[in-house]
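This is upload.cif. It holds mmCIF, C-alpha atoms.
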data_run
#
loop_
_atom_site.label_atom_id
_atom_site.label_comp_id
_atom_site.auth_asym_id
_atom_site.auth_seq_id
_atom_site.Cartn_x
_atom_site.Cartn_y
_atom_site.Cartn_z
CA MET A 1 -66.13 186.60 157.99
CA ALA A 2 -65.64 188.43 161.24
CA GLN A 3 -62.92 186.92 163.41
CA ARG A 4 -64.38 185.26 166.51
CA ARG A 5 -63.38 187.18 169.61
CA LYS A 6 -61.57 185.25 172.30
CA THR A 7 -63.58 185.52 175.46
CA GLY A 8 -61.10 183.66 177.65
CA LYS A 9 -63.88 181.37 178.75
CA THR A 10 -63.20 177.70 178.98
CA SER A 11 -65.19 174.71 180.01
CA GLY A 12 -66.24 174.09 183.55
CA ARG A 13 -62.87 172.43 184.21
CA LYS A 14 -61.07 175.77 184.47
CA GLY A 15 -58.99 176.04 187.67
CA ARG A 16 -59.40 172.41 188.68
CA ARG A 17 -56.30 170.45 189.63
CA PRO A 18 -55.57 167.29 187.70
CA ALA A 19 -57.05 164.26 189.41
CA VAL A 20 -54.53 162.32 191.48
CA ARG A 21 -54.15 158.75 190.35
CA PRO A 22 -55.26 156.20 192.98
CA ALA A 23 -51.80 154.60 193.07
CA VAL A 24 -50.13 157.96 193.75
CA GLN A 25 -52.65 158.76 196.44
CA GLU A 26 -52.03 155.39 198.09
CA ALA A 27 -48.25 155.91 197.96
CA LEU A 28 -48.59 159.32 199.60
CA GLN A 29 -50.83 157.91 202.31
CA ILE A 30 -48.42 155.05 203.08
CA THR A 31 -45.48 157.50 203.17
CA TRP A 32 -47.33 159.70 205.66
CA VAL A 33 -48.10 156.70 207.87
CA LEU A 34 -44.49 155.47 207.64
CA LYS A 35 -43.17 158.84 208.81
CA GLY A 36 -45.41 158.59 211.84
CA HIS A 37 -44.29 155.05 212.63
CA LEU A 38 -40.61 155.99 212.24
CA LYS A 39 -40.96 158.89 214.63
CA ASN A 40 -42.80 156.66 217.09
CA ALA A 41 -39.91 154.19 216.80
CA GLN A 42 -37.43 156.89 217.86
CA ILE A 43 -39.69 157.91 220.75
CA SER A 44 -39.95 154.26 221.82
CA TYR A 45 -36.14 153.95 221.62
CA LEU A 46 -35.78 156.81 224.10
CA ARG A 47 -38.47 155.40 226.37
CA VAL A 48 -36.60 152.10 226.51
CA GLY A 49 -33.42 153.97 227.43
CA ARG A 50 -35.21 155.97 230.12
CA MET A 51 -36.79 152.87 231.67
CA LEU A 52 -33.50 150.95 231.60
CA ALA A 53 -31.81 153.90 233.32
CA ASP A 54 -34.54 153.84 235.95
CA VAL A 55 -34.06 150.11 236.54
CA ARG A 56 -30.31 150.68 236.89
CA GLU A 57 -30.48 153.73 239.17
CA ARG A 58 -33.13 152.26 241.50
CA LYS A 59 -31.56 148.79 241.36
CA LEU A 60 -34.91 147.28 240.49
CA TYR A 61 -33.11 144.31 238.93
CA ALA A 62 -32.18 143.19 242.47
CA GLU A 63 -35.87 142.94 243.37
CA LEU A 64 -36.13 140.19 240.75
CA GLY A 65 -33.08 138.35 242.02
CA HIS A 66 -30.51 139.59 239.50
CA PRO A 67 -27.02 140.68 240.61
CA ASP A 68 -26.66 143.46 238.03
CA ILE A 69 -28.36 145.30 235.17
CA GLU A 70 -26.53 143.23 232.54
CA THR A 71 -27.89 139.93 233.85
CA TYR A 72 -31.37 141.40 234.17
CA ALA A 73 -31.32 142.72 230.59
CA GLU A 74 -30.03 139.45 229.18
CA GLN A 75 -32.34 137.09 231.07
CA ARG A 76 -35.50 139.18 231.32
CA LEU A 77 -35.34 141.20 228.10
CA ARG A 78 -33.07 139.09 225.86
CA LEU A 79 -30.99 142.24 225.48
CA GLY A 80 -27.23 141.91 225.04
CA ARG A 81 -24.80 144.11 226.95
CA ALA A 82 -23.71 146.10 223.90
CA SER A 83 -27.32 146.99 223.07
CA LEU A 84 -28.08 147.70 226.72
CA TYR A 85 -25.30 150.27 227.05
CA ARG A 86 -26.14 151.77 223.66
CA TYR A 87 -29.71 152.44 224.82
CA LEU A 88 -28.41 153.95 228.07
CA LYS A 89 -25.74 156.07 226.39
CA VAL A 90 -28.03 157.44 223.69
CA TYR A 91 -30.70 158.30 226.23
CA GLU A 92 -28.18 160.07 228.47
CA TRP A 93 -26.85 162.06 225.51
CA VAL A 94 -30.35 163.08 224.43
CA ARG A 95 -31.25 164.02 228.00
CA LEU A 96 -28.28 166.37 228.17
CA ASN A 97 -28.30 167.77 224.63
CA HIS A 98 -31.77 167.34 223.07
CA LYS A 99 -34.37 167.48 225.81
CA GLU A 100 -36.97 168.45 223.22
CA TRP A 101 -36.92 164.86 221.97
CA ILE A 102 -38.06 163.46 225.33
CA GLU A 103 -40.97 165.83 225.78
CA PRO A 104 -44.41 164.14 226.16
CA LYS A 105 -45.28 165.04 222.55
CA PRO A 106 -42.01 165.93 220.80
CA LYS A 107 -42.33 168.11 217.72
CA GLY A 108 -40.20 168.02 214.62
CA PHE A 109 -37.91 165.38 213.16
CA ILE A 110 -35.93 162.96 215.35
CA PRO A 111 -32.98 161.31 213.57
CA ASP A 112 -32.43 157.57 213.59
CA LEU A 113 -31.20 156.98 217.14
CA ALA A 114 -29.94 153.50 216.31
CA ASP A 115 -27.35 155.13 214.05
CA VAL A 116 -26.72 158.42 215.83
CA ALA A 117 -23.01 157.98 216.61
CA GLY A 118 -22.06 160.42 213.85
CA LEU A 119 -24.20 163.22 215.27
CA ILE A 120 -22.82 162.63 218.77
CA TRP A 121 -19.27 162.83 217.45
CA ILE A 122 -20.03 166.09 215.62
CA GLU A 123 -21.57 167.72 218.69
CA ASN A 124 -18.67 166.58 220.85
CA GLU A 125 -16.26 168.16 218.39
CA LEU A 126 -18.21 171.43 218.43
CA GLN A 127 -17.79 171.56 222.21
CA GLN A 128 -14.01 171.67 221.88
CA LYS A 129 -12.60 175.04 222.94
CA GLU A 130 -9.79 175.28 220.39
CA ILE A 131 -11.33 174.84 216.97
CA LYS A 132 -10.69 176.75 213.76
CA ARG A 133 -13.43 178.93 212.34
CA ASP A 134 -13.60 177.10 209.00
CA THR A 135 -13.64 173.73 210.77
CA ARG A 136 -16.48 174.89 213.00
CA ALA A 137 -18.43 176.03 209.94
CA VAL A 138 -18.07 172.60 208.33
CA LEU A 139 -19.09 170.87 211.56
CA GLU A 140 -22.14 173.09 211.90
CA ASP A 141 -23.16 172.18 208.36
CA LEU A 142 -22.66 168.47 209.08
CA ARG A 143 -24.65 168.82 212.29
CA LYS A 144 -27.57 170.41 210.46
CA LYS A 145 -27.56 167.61 207.90
CA ALA A 146 -27.46 164.98 210.65
CA LEU A 147 -30.38 166.58 212.50
CA ASP A 148 -32.34 166.72 209.24
CA GLY A 149 -31.51 163.09 208.45
CA ASP A 150 -29.53 164.07 205.34
CA LEU A 151 -25.98 163.27 206.49
CA LYS A 152 -24.22 160.62 204.41
CA LYS A 153 -21.79 158.34 206.22
CA ALA A 154 -19.17 158.81 203.50
CA GLU A 155 -19.36 162.58 203.92
CA LEU A 156 -18.70 162.38 207.65
CA GLU A 157 -15.94 159.82 207.23
CA GLY A 158 -14.30 161.99 204.59
CA PHE A 159 -14.24 164.94 206.98
CA ARG A 160 -12.88 162.86 209.84
CA LYS A 161 -10.09 161.51 207.66
CA SER A 162 -9.21 165.00 206.47
CA THR A 163 -8.83 166.22 210.06
CA LYS A 164 -6.79 163.12 210.97
CA ARG A 165 -8.32 163.01 214.39
CA GLY A 166 -9.75 160.14 216.37
CA ASP A 167 -9.18 158.21 219.53
CA GLU A 168 -7.63 154.78 219.00
CA SER A 169 -7.33 153.94 222.70
CA LEU A 170 -10.30 151.57 222.70
CA ARG A 171 -8.98 149.61 219.73
CA SER A 172 -5.53 149.49 221.31
CA PHE A 173 -6.99 148.10 224.50
CA LEU A 174 -9.00 145.55 222.49
CA SER A 175 -5.83 144.40 220.72
CA MET A 176 -4.07 144.07 224.08
CA LEU A 177 -6.92 141.96 225.48
CA ARG A 178 -6.78 139.67 222.45
CA ARG A 179 -3.07 139.14 222.97
CA ILE A 180 -3.61 138.40 226.67
CA ARG A 181 -6.40 135.97 225.84
CA LYS A 182 -4.24 134.15 223.30
CA ARG A 183 -1.32 133.95 225.70
CA GLY A 184 -3.53 132.86 228.61
CA ALA A 185 -5.17 130.08 226.60
CA LYS A 186 -1.75 128.47 226.15
CA LEU A 187 -1.15 128.20 229.90
CA VAL A 188 -1.87 124.75 231.27
CA ASN A 189 -3.24 125.89 234.65
CA MET A 190 -5.27 128.82 233.35
CA PRO A 191 -8.85 128.60 234.80
CA ASP A 192 -11.56 128.40 232.17
CA GLU A 193 -13.45 131.15 234.02
CA VAL A 194 -10.69 133.66 233.28
CA ILE A 195 -10.78 132.86 229.57
CA SER A 196 -14.56 133.20 229.61
CA HIS A 197 -14.31 136.64 231.21
CA LEU A 198 -11.73 137.71 228.66
CA ASP A 199 -13.96 136.51 225.82
CA ALA A 200 -16.86 138.47 227.30
CA ALA A 201 -14.77 141.64 227.59
CA ILE A 202 -13.53 141.26 224.01
CA GLY A 203 -17.09 140.75 222.81
CA ILE A 204 -18.26 143.94 224.52
CA LEU A 205 -15.44 146.02 223.02
CA LYS A 206 -16.03 144.59 219.54
CA ASN A 207 -19.71 145.49 219.70
CA MET A 208 -18.93 148.97 220.96
CA GLU A 209 -16.49 149.82 218.15
CA PRO A 210 -19.17 151.63 216.07
CA VAL A 211 -19.91 153.82 219.08
CA GLN A 212 -16.22 154.64 219.60
CA MET A 213 -16.34 157.27 216.88
CA ALA A 214 -18.83 159.13 219.02
CA ARG A 215 -16.29 159.14 221.88
CA LEU A 216 -18.62 157.24 224.17
CA GLU A 217 -17.30 155.25 227.10
CA PHE A 218 -18.93 152.49 229.06
CA LEU A 219 -21.26 153.51 231.87
CA ASP A 220 -19.63 150.78 233.93
CA ALA A 221 -16.10 151.89 233.07
CA GLY A 222 -14.99 151.50 236.68
CA ARG A 223 -16.14 147.88 236.79
CA VAL A 224 -14.46 147.01 233.49
CA ALA A 225 -11.23 148.73 234.57
CA THR A 226 -11.20 146.85 237.89
CA SER A 227 -11.80 143.50 236.15
CA SER A 228 -8.98 144.22 233.69
CA GLN A 229 -6.56 145.11 236.51
CA ASN A 230 -7.38 141.87 238.30
CA ILE A 231 -6.72 139.88 235.13
CA LEU A 232 -3.44 141.64 234.42
CA SER A 233 -2.15 141.44 238.02
#
Mind turning this structure into structure tokens?
Amino acid sequence: MAQRRKTGKTSGRKGRRPAVRPAVQEALQITWVLKGHLKNAQISYLRVGRMLADVRERKLYAELGHPDIETYAEQRLRLGRASLYRYLKVYEWVRLNHKEWIEPKPKGFIPDLADVAGLIWIENELQQKEIKRDTRAVLEDLRKKALDGDLKKAELEGFRKSTKRGDESLRSFLSMLRRIRKRGAKLVNMPDEVISHLDAAIGILKNMEPVQMARLEFLDAGRVATSSQNILS
């Protein structure tokens, strides 16, 4: 019997991709929508920061009868001081270093701005004049990962510990304030208002500890410094 020649022909299914299961298609669709929502969340974060900065610079809070931006944010927006200054600081950093993120229709990926302290710290380090070549290479790699959303906290912390660098001044000041508060509370004639102000200052510094690693300082540093001098004098 003559051997049947292979013609290479197949059924009409030749070249067709396997059908995508409905569940997989739904998962892909939801993922695509989630990416859009997450990017919109970052854009909204920056818009909040920009509008808060506008309220602060133009003193619009005074038009509503508030003495300062902190009182306005707390009473009108239910926004605590730590969150208020985080919005302002992140927006200012983006305005100076990543203007492409505040364009009308920003393109590309925007990292999680609520947890961007690591990226800010890396970019601040890269701006240092005296930095070793191998250290700069590692920082550049960490920066790329942070911008791509792939940087692990443990990886950054490991690098920071290996360099043995970091500013402890904020924590030292916080410890000093706690000691002053404890000592002041024992004084019989100490006004309750002073203790309340100390508690408020301690609360602000505690909430700002995660931002310390990014070497951020308060926008109202002069006001805080003046209040501290008055308490200590």
Requested in this report: Can you work out the spacing between atom CA of Lys35 of chain A and atom CA of Leu88 of chain A in Å, to one decimal?
Outcome: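 It comes out at 24.8 Å.
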Requested in this report: Given the file shown, enumerate the residues that the PyMOL selection byres ((chain A and resi 75-82) around 10) captures and present them as a ChimeraX atom specification.
Outcome: /A:61,64,66,69-74,83-87,200,203-209,211,218
Query raised in the report: Interatomic distance between atom CA of Leu198 of chain A and atom CA of Arg181 of chain A?
Result: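 Straight-line distance from atom CA of Leu198 of chain A to atom CA of Arg181 of chain A works out to 6.3 Å.
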Query raised in the report: With distances taken over only C-alpha atoms, which of A:Glu92, A:Leu38, A:Asp148, A:Asp199 is nearest to Asp54 of chain A?
Result: A:Glu92
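With atom CA of Ile43 of chain A on one side and atom CA of Val90 of chain A on the other, the separation reads 12.0 Å.
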Report summary line: Nearest to Lys182 of chain A, restricted to all atoms listed in the file and choosing among A:Ile122, A:Leu170, A:Val33, A:Ile195, comes out as A:Ile195
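Minimum atom-to-atom distance to Gly36 of chain A, evaluated using only C-alpha atoms, belongs to A:Ile110 out of A:Ala137, A:Ile110, A:Leu177, A:Ala154.
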Query - Test item: the PyMOL selection byres ((chain A and resi 45-48) around 9) resolved as a list in words - result: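 Listing what the PyMOL selection byres ((chain A and resi 45-48) around 9) selects in the shown file: Asn40, Ala41, Gln42, Ile43, Ser44, Gly49, Arg50, Met51, Leu52, Ala53, Tyr87, Leu88, Val90, Tyr91, Val94, Trp101, Ile102, Leu113 and Ala114 of chain A.
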With 4 Å of padding per side, what axis-aligned box (centre and edge lengths, Å, one decimal) covers all the listed atoms of segment 38-54 of chain A? Give it as JSON.
{"center_x": -37.3, "center_y": 154.9, "center_z": 224.1, "size_x": 19.0, "size_y": 15.9, "size_z": 31.7}
Query raised in the report: Skipping near chain neighbours, those fewer than 4 positions away, what residues fall within 10 Å of Arg178 of chain A using all atoms listed in the file, listed as a VMD selection string?
Result: chain A and resid 172 to 174 182 to 184 198 to 199 201 to 202
Query raised in the report: Gly149 of chain A: which residues within 8 Å, counting all atoms listed in the file, same-chain residues fewer than 2 positions away excluded, as a VMD selection string?
Result: chain A and resid 111 to 112 145 to 147 151
